[in-house]
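Novice: Before we start, here is the structure in question, set down as structure tokens.
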Amino acid sequence: MKTALAQSIHKALKRQNLAGILDRWNYPATRAKAYEGVDIEALRNQIAEIKGSAAEHLEELAEKFKKSAEARGAKVFRANSPEAVKDYITNLCKEKGVKKIVKSKSMATEEIHLNQHLAEHGIQADETDLGEWIVQLAHQTPSHMVMPALHLTKEEVSDLFSEETHQQQPTDIQQLVKVARKELREKYFAADMGMSGANIAIAETGTLVICTNEGNARLVTTLPKIHVALVGLEKLVANYTDAAPIITALPKSATSQLITSYVSFITGPSPNTDGSMKELHIVLMDNKRTAMAKDPKFKEALQCIRCASCLNVCPVYRLVTGHVFGHIYTGGIGTILTAWFNEMETTGDIQGLCIGCGKCKEICPGKIDIPALILELRRRVASKEGLPFIQKTALSVINNRKLFHAMLRAASIAQKPFVKEGFIRHLPMFLSNLAEYRSLPTIAPVPFRDVFKKINQPKSKTKVSFFSGCAIEFVFPKIGAAIVKVLNKADMEVVFPEDQSCCGIPHWGSGSFDMAAAAAAHNIKPLLADDVKYVVVGCATCATALKKEWPQLLKDQNMDSLVPDAKKVAAKTIMFSELVNKLIEEKKLTPKDGLKLQSITYHDSCHAKRHVGIYKEPRAALTAAGYELKEMFECDTCCGMGGSYTVKQPEISMQMLKRKLKNIEDTGAEYVSAECPGCLIQIGGGLDKSGSKIKAKHPAELMEDKFK
Amino acid sequence: MFNQFKAAAEAAGNTEVQRFGTNAEAFNFIEGFLKKEEIKDTPGSYAIWADAPILKGVDTTALAAKVPGLKFQVTRELSKNAKIGITQMEWGLANMGTLAQDSSAVEQRLASSLSWIHIALLPSDRIVADLPALMTKMHPGKSNYIALITGPSKTADIERVLAIGVHGPERLVIICVDELGGMN
């Protein structure tokens with residue numbers, strides 16, 4: 001039995017219209033072109049500062065905006081709840097005899113399902129943004145925040161227009177747009193009220209800033225005699241000049257344009273065509289935004305400028321669209337906003353779609369750490385409702401390495417009937433989808449800790465500690481052995497603290513921060529027991545824990561006394577390829593003469609690239625060790641493993657893998673390398689299952705025999 | 001500054017930038033343009049010209065008589081079916097090829113947002129570098145409706161395929177006039 005979410009994922013994966021469109025767009029490249037000559041980092045800092053400071057002063061800015069706008073002749077109504085907004089607008093419509101409304105795009109009206117409410121009161125509200133109108137005719141919700149109808153084909157749009165106009169319409173996009181022009185023009189002229197949102201609300205001057213490409217907002221705010229703007233409090237900024245960085249970034253991030261065709265600054269009413277003055281009503285809506293601003297973690301989400309770039313780069317969104325991933329607000333940021341503006345409950349499911357790859361965080365113009373906030377949602381859901389029993393048990397077991405070890409050994413014997421050349425290619429019944437696109441690795445007969453004891457190392461004064469992580473310990477002990485071998489060549493003696501256990505990232509990723517902190521606490525002492533120069537890690541995920549997360553994690557869990565030691569570990573932690581590259585540069589490792597040139601392509605694991613920033617070092621080290629690098633397309637896009645993600649969201653994980661495999665195959669390289677055993681399980685298993693000649697190898701395996 | 005403005009404006013697509021020394025040359029170009037577009041006094045074929053500094057001292061009645069289909073009244077109904085709308089803008093932004101205008105007077109918006117072609121006049125020396133520079137020249141404290149226009153009305157809402165002329169102009173013709181530079 002599939003859950004409702006799993007069913008909707010399954011359905012969405014069969015319709016890959018949107019994914020194809022995003023591919024043809026090539027957003028990363030076109031976005032980069034739009035930002036040419038702009039100091040993006042400075043701009044992002046400016047926006048984060050402006051919006052962050054506005055979030056700190058929401059109440060003050062709302063009052064200031066009200067005062068400024070009213071001084072210019074607008075009526076400003078502050079509404080706390082969606083109901084208050086709906087009542088105000090329906091009462092206004094009744095009072096003024098409004099029967100027809102034309103709307104330019106407003107996410108805030110969708111958030112509270114305003115059109116439906118108005119229809120119940122006999123008021124017809126027509127969307128005029130082309131995409132919004134299409135979605136309205138289809139009785140659907142937007143699948144993308146900026147381009148709401150991207151999931152529909154031109155044929156489907158043609159059907160919708162034919163039904164609306166009662167005549168057969170063409171499927172040519174240019175002609176369809178002209179049909180919309182004709183139909184909507186009549187609506188503008190017949191409407192009693194125009195309704196809009198705002199991209200920015202300037203408190204200093206009481207100004208609404210509205211950006212559109214189609215020019216519909218200009219018509220909506222010009223032709224009808226009444227203009228109502230519904231504005232979420234998060235649109236407030238303090239000063240006129242604060243609008244400039246937002247207007248500069250929004251179109252570039254949203255649609256890879258320098259600027260939208262039209263930007264309007266509306267301050268108070270302007271005269272109508274008959275000489276009368278327009279009625280301008282501005283509804284400032286709270287709907288939990290103030291509560292969000294008071295939350296120490298989630299206030300950051302108010303820095304969003306709604307550009308939807310987090311959707312455009314998200315490997316999960318592109319597969320399932322906003323109809324699965326989000327509600328009205330879609331994708332990564334949508335998951336967060338939905339949780340606050342709608343309800344936490346639906347979030348329980350949606351937040352599980354984020355694989356935590358960090359692509360969105362890198363490009364967000366408001367500098368929002370979207371994956372961290374989704375993880376925080378996960379933590380809150382987990383601490384409120386608790387983790388499912390099986391998951392909790394599994395996470396407890398991996399914190400106890402001896403027990404984990406015993407269980408895995410039992411499993412390693414039980415798996416035998418399915419094993420071929422170190423991979424499991426078929427699994428029984430309910431687990432079978434896990435092995436559909438990817439063979440699973442087998443549990444090694446001898447774990448690394450026992451392999452290590454038999455390695456005869458030359459003695460050295462320079463000692464380094466090795467943190468294996470679960471995957472090298474139990475699945476890939478040969479990677480651990482290769483790491484020891486390479487470091488011995490650099491006159492380093494490796495110690496393996498026997499008491500080490502899981503780094504805690506699986507617990508952390510499941511929202512169980514207390515168990516993650518317990519894992520950190522367990523490991524710190526053993527790692528500092530010997531006087532070592534480095535703590536070497538061959539797994540990017542573990543490196544993220546040791547180098548980055550442990551000190552903060554312990555602090556957040558009130559285990560302050562361990563923080564100084566956690567910081568010591570962090571300072572000593574180094575990824576294997578990072579260390580090898582350093583040793584080559586210091587001439588402590590010298591590649592052998594006359595190495596046969598072989599070709600590799602390098603996959604950047606999410607943790608290596610975006611959490612610890614290691615991506616140049618493995619390339620440099622491998623190149624020095626005689627490998628010709630053939631870069632693949634999207635080398636730093638997630639392979640779909642994501643730890644337990646592949647078990648929880650197998651269908652999405654497999655689709656992400658398929659794309660990764662294609663990109664790898666296209667390079668024609670002999671090997672694909674990644675410094676992350678999780679990625680190697682996923683990619684190596686995928687290559688095996690598809691019968692590829694390309695082998696997935698850890699940098700240590702590729703370099704073990706390459707140095708003098 | 002002008003060259004940068006012209007390049008950026010034309011890069012927005014379906015936009016052309018002309019430059020003339022004198023008002024007379026600009027009028028000459030517009031007359032020729034209207035003739036080429038076969039302007040005539042029938043719905044969907046006429047041009048409307050909103051009040052503009054360049055028209056100061058110009059006998060618009062005589063001009064309208066000379067060019068059939070050119071109207072100087074910009075009303076709600078006339079703007080609905082105009083083929084061409086002509087307005088005068090106040091500032092240009094060199095980095096994005098953007099035009100800026102105080103559009104508080106409704107005629108300015110009607111003439112520039114409903115026709116198929118928008119002809120925008122611009123004093124050549126009123127091109128500033130970018131948006132922050134514009135913000136030192138135009139302020140919501142003085143203008144109720146500031147409009148920025150860059151290129152034609154466009155959409156990519158169906159399959160992300162670009163389509164021009166959704167609700168407003170599908171062509172933007174910018175005429176920079178040096179003689180206008182000294183005004184204000």
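Every chain in the structure tokens takes a letter, A first, then B, and so on in the order presented; its residues are numbered from 1, and the ligands are numbered from 1 following the presented order.
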Determine which residues of segment 434-611 of chain A DSSP labels as alpha helix (DSSP H) from the backbone of this structure, then write them out as a compact mmCIF listing (two decimals) with C-alpha atoms, in the first residue's frame.

Specialist:
```txt
# COMPACT_ATOMS: atom_id res chain seq x y z
CA PHE A 448 37.59 -2.32 8.61
CA ARG A 449 38.49 -2.49 12.32
CA ASP A 450 39.64 -6.09 11.80
CA VAL A 451 41.27 -5.34 8.45
CA PHE A 452 43.18 -2.50 10.11
CA LYS A 453 44.69 -4.76 12.79
CA GLY A 469 32.36 6.22 9.28
CA CYS A 470 29.88 3.35 9.06
CA ALA A 471 30.10 2.81 5.31
CA ILE A 472 33.88 2.36 5.13
CA GLU A 473 33.78 0.25 8.26
CA PHE A 474 31.17 -2.21 7.05
CA PRO A 477 36.88 -1.61 4.24
CA LYS A 478 39.15 -1.65 1.18
CA ILE A 479 38.80 2.15 0.95
CA GLY A 480 40.05 2.41 4.52
CA ALA A 481 43.00 0.15 3.71
CA ALA A 482 43.84 2.29 0.66
CA ILE A 483 43.76 5.45 2.76
CA VAL A 484 46.22 3.92 5.25
CA LYS A 485 48.49 2.83 2.42
CA VAL A 486 48.64 6.28 0.81
CA LEU A 487 49.26 8.06 4.12
CA ASN A 488 52.04 5.61 4.99
CA LYS A 489 53.79 6.72 1.78
CA ILE A 505 24.44 12.76 10.49
CA PRO A 506 21.69 10.14 9.89
CA HIS A 507 20.05 11.17 13.17
CA TRP A 508 20.54 14.84 12.40
CA GLY A 509 19.03 14.40 8.95
CA PHE A 513 19.10 16.29 17.10
CA ASP A 514 19.42 14.77 20.58
CA MET A 515 20.56 11.42 19.19
CA ALA A 516 22.92 13.23 16.83
CA ALA A 517 24.46 15.09 19.77
CA ALA A 518 24.84 11.81 21.64
CA ALA A 519 26.73 10.43 18.66
CA ALA A 520 29.03 13.45 18.65
CA ALA A 521 29.62 13.14 22.38
CA HIS A 522 30.51 9.47 22.01
CA ASN A 523 33.20 10.13 19.40
CA ILE A 524 35.02 13.20 20.62
CA LYS A 525 37.14 11.63 23.39
CA PRO A 526 38.36 8.63 21.37
CA LEU A 527 39.37 10.94 18.51
CA LEU A 528 41.42 13.16 20.82
CA ALA A 529 42.91 10.29 22.86
CA ALA A 540 32.17 13.75 3.03
CA THR A 541 29.13 13.21 5.20
CA CYS A 542 31.19 12.35 8.26
CA ALA A 543 33.48 15.27 7.42
CA THR A 544 30.45 17.58 7.62
CA TRP A 550 29.32 18.90 16.06
CA PRO A 551 30.16 22.08 18.01
CA GLN A 552 26.83 23.75 17.13
CA LEU A 553 24.87 20.56 17.68
CA LEU A 554 26.31 20.08 21.17
CA LYS A 555 25.72 23.71 22.01
CA ASP A 556 22.08 23.53 20.88
CA VAL A 563 32.06 22.20 22.76
CA PRO A 564 35.77 23.09 23.24
CA ASP A 565 36.82 19.50 22.47
CA ALA A 566 34.42 19.37 19.51
CA LYS A 567 36.12 22.48 18.20
CA LYS A 568 39.52 20.81 18.62
CA VAL A 569 38.29 17.87 16.55
CA ALA A 570 36.89 20.25 13.94
CA ALA A 571 40.23 22.05 13.65
CA LYS A 572 42.12 18.78 13.12
CA PHE A 576 41.48 12.46 2.64
CA SER A 577 41.79 14.13 -0.78
CA GLU A 578 42.33 17.49 0.87
CA LEU A 579 45.26 16.02 2.83
CA VAL A 580 46.72 14.20 -0.17
CA ASN A 581 46.62 17.36 -2.24
CA LYS A 582 48.39 19.22 0.57
CA LEU A 583 51.01 16.48 0.84
CA ILE A 584 51.64 16.58 -2.91
CA GLU A 585 52.03 20.35 -2.79
CA CYS A 606 26.63 17.48 -1.74
```

Novice: Using only C-alpha atoms and a distance of at most 8 Å, pull out the residues of chain B that contact chain A, as JSON, numbers by chain.

Specialist: {"B": [75, 76, 96, 104, 105, 106, 107, 109, 110, 113, 131, 132, 135, 140, 141, 143, 144, 145, 146, 147, 148, 149, 150, 151, 152, 153, 154, 155, 156, 157, 158, 159, 160, 161, 163, 164, 165, 166, 167, 168]}

Novice: I'd like the neighbourhood of segment 6-8 of chain A as a PyMOL selection string, where a residue qualifies if any of its atoms comes within 10 Å (using only C-alpha atoms), though same-chain residues fewer than 3 positions away should be ignored.

Specialist: chain A and resi 1-3+11-13+320+323-325+349+648-652

Novice: Produce a file of the selected residues containing C-alpha atoms, as an mmCIF file, in the first residue's frame.

Specialist:
```
data_model
loop_
_atom_site.group_PDB
_atom_site.id
_atom_site.type_symbol
_atom_site.label_atom_id
_atom_site.label_comp_id
_atom_site.auth_asym_id
_atom_site.auth_seq_id
_atom_site.Cartn_x
_atom_site.Cartn_y
_atom_site.Cartn_z
ATOM 1 C CA MET A 1 0.000 0.000 0.000
ATOM 2 C CA LYS A 2 1.353 3.358 -0.983
ATOM 3 C CA THR A 3 0.708 6.484 1.033
ATOM 4 C CA LYS A 11 1.898 10.144 -10.700
ATOM 5 C CA ALA A 12 4.114 13.225 -10.985
ATOM 6 C CA LEU A 13 7.115 11.184 -12.085
ATOM 7 C CA VAL A 320 7.725 16.128 -8.941
ATOM 8 C CA HIS A 323 1.878 19.998 -6.943
ATOM 9 C CA VAL A 324 3.682 17.425 -4.846
ATOM 10 C CA PHE A 325 6.454 19.539 -3.344
ATOM 11 C CA ASP A 349 4.918 14.765 4.558
ATOM 12 C CA LYS A 648 12.182 6.858 2.211
ATOM 13 C CA GLN A 649 11.723 8.283 -1.303
ATOM 14 C CA PRO A 650 12.909 5.433 -3.527
ATOM 15 C CA GLU A 651 11.147 6.615 -6.692
ATOM 16 C CA ILE A 652 12.597 10.118 -6.631
#
```

Novice: Enter the distance from atom CA of Arg19 of chain B to atom CA of Gly181 of chain B, in Å, rounded to one decimal.

Specialist: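 Those two atoms sit 12.0 Å apart.
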
Novice: Got a sec: who's within 7 Å of segment 42-46 of chain A, counting only C-alpha atoms, leaving out chain neighbours fewer than 6 positions off, as a ChimeraX atom specification?

Specialist: /A:245,365-367

Novice: Fewer than 4 positions away in the same chain doesn't count, so skip those; otherwise give me all residues within 7 Å of Ser460 of chain A, counting only C-alpha atoms, as a list of chain:residue names.

Specialist: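 Counting only C-alpha atoms, the residues come to A:Asp491, A:Met492, A:Glu493.
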
Novice: Mind writing the picked residues with C-alpha atoms as a PDB file, in the first residue's frame?

Specialist:
```
ATOM      1  CA  ASP A 491      55.510   8.952   6.358  1.00  0.00           C
ATOM      2  CA  MET A 492      52.376   9.103   8.459  1.00  0.00           C
ATOM      3  CA  GLU A 493      51.253   6.428  10.859  1.00  0.00           C
TER       4      GLU A 493
END
```

Novice: Any idea what's packed within 8 Å of Trp49 of chain B, counting only C-alpha atoms, ignoring anything in its chain fewer than 3 positions away? Could you give it as a list in words?

Specialist: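 Within the cut-off, the hits are Leu70, Lys71, Phe72, Gln73, Val74, Gly85, Ile86, Thr87 and Ala111 of chain B.
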
Novice: Need the shell around segment 51-54 of chain A: protein/DNA/RNA residues with any atom at most 8 Å away, counting only C-alpha atoms. Skip same-chain ones fewer than 2 positions apart. Format as number ranges by chain?

Specialist: A: 47-49, 56-58, 61, 234, 236-238, 299-300, 302-304, 366
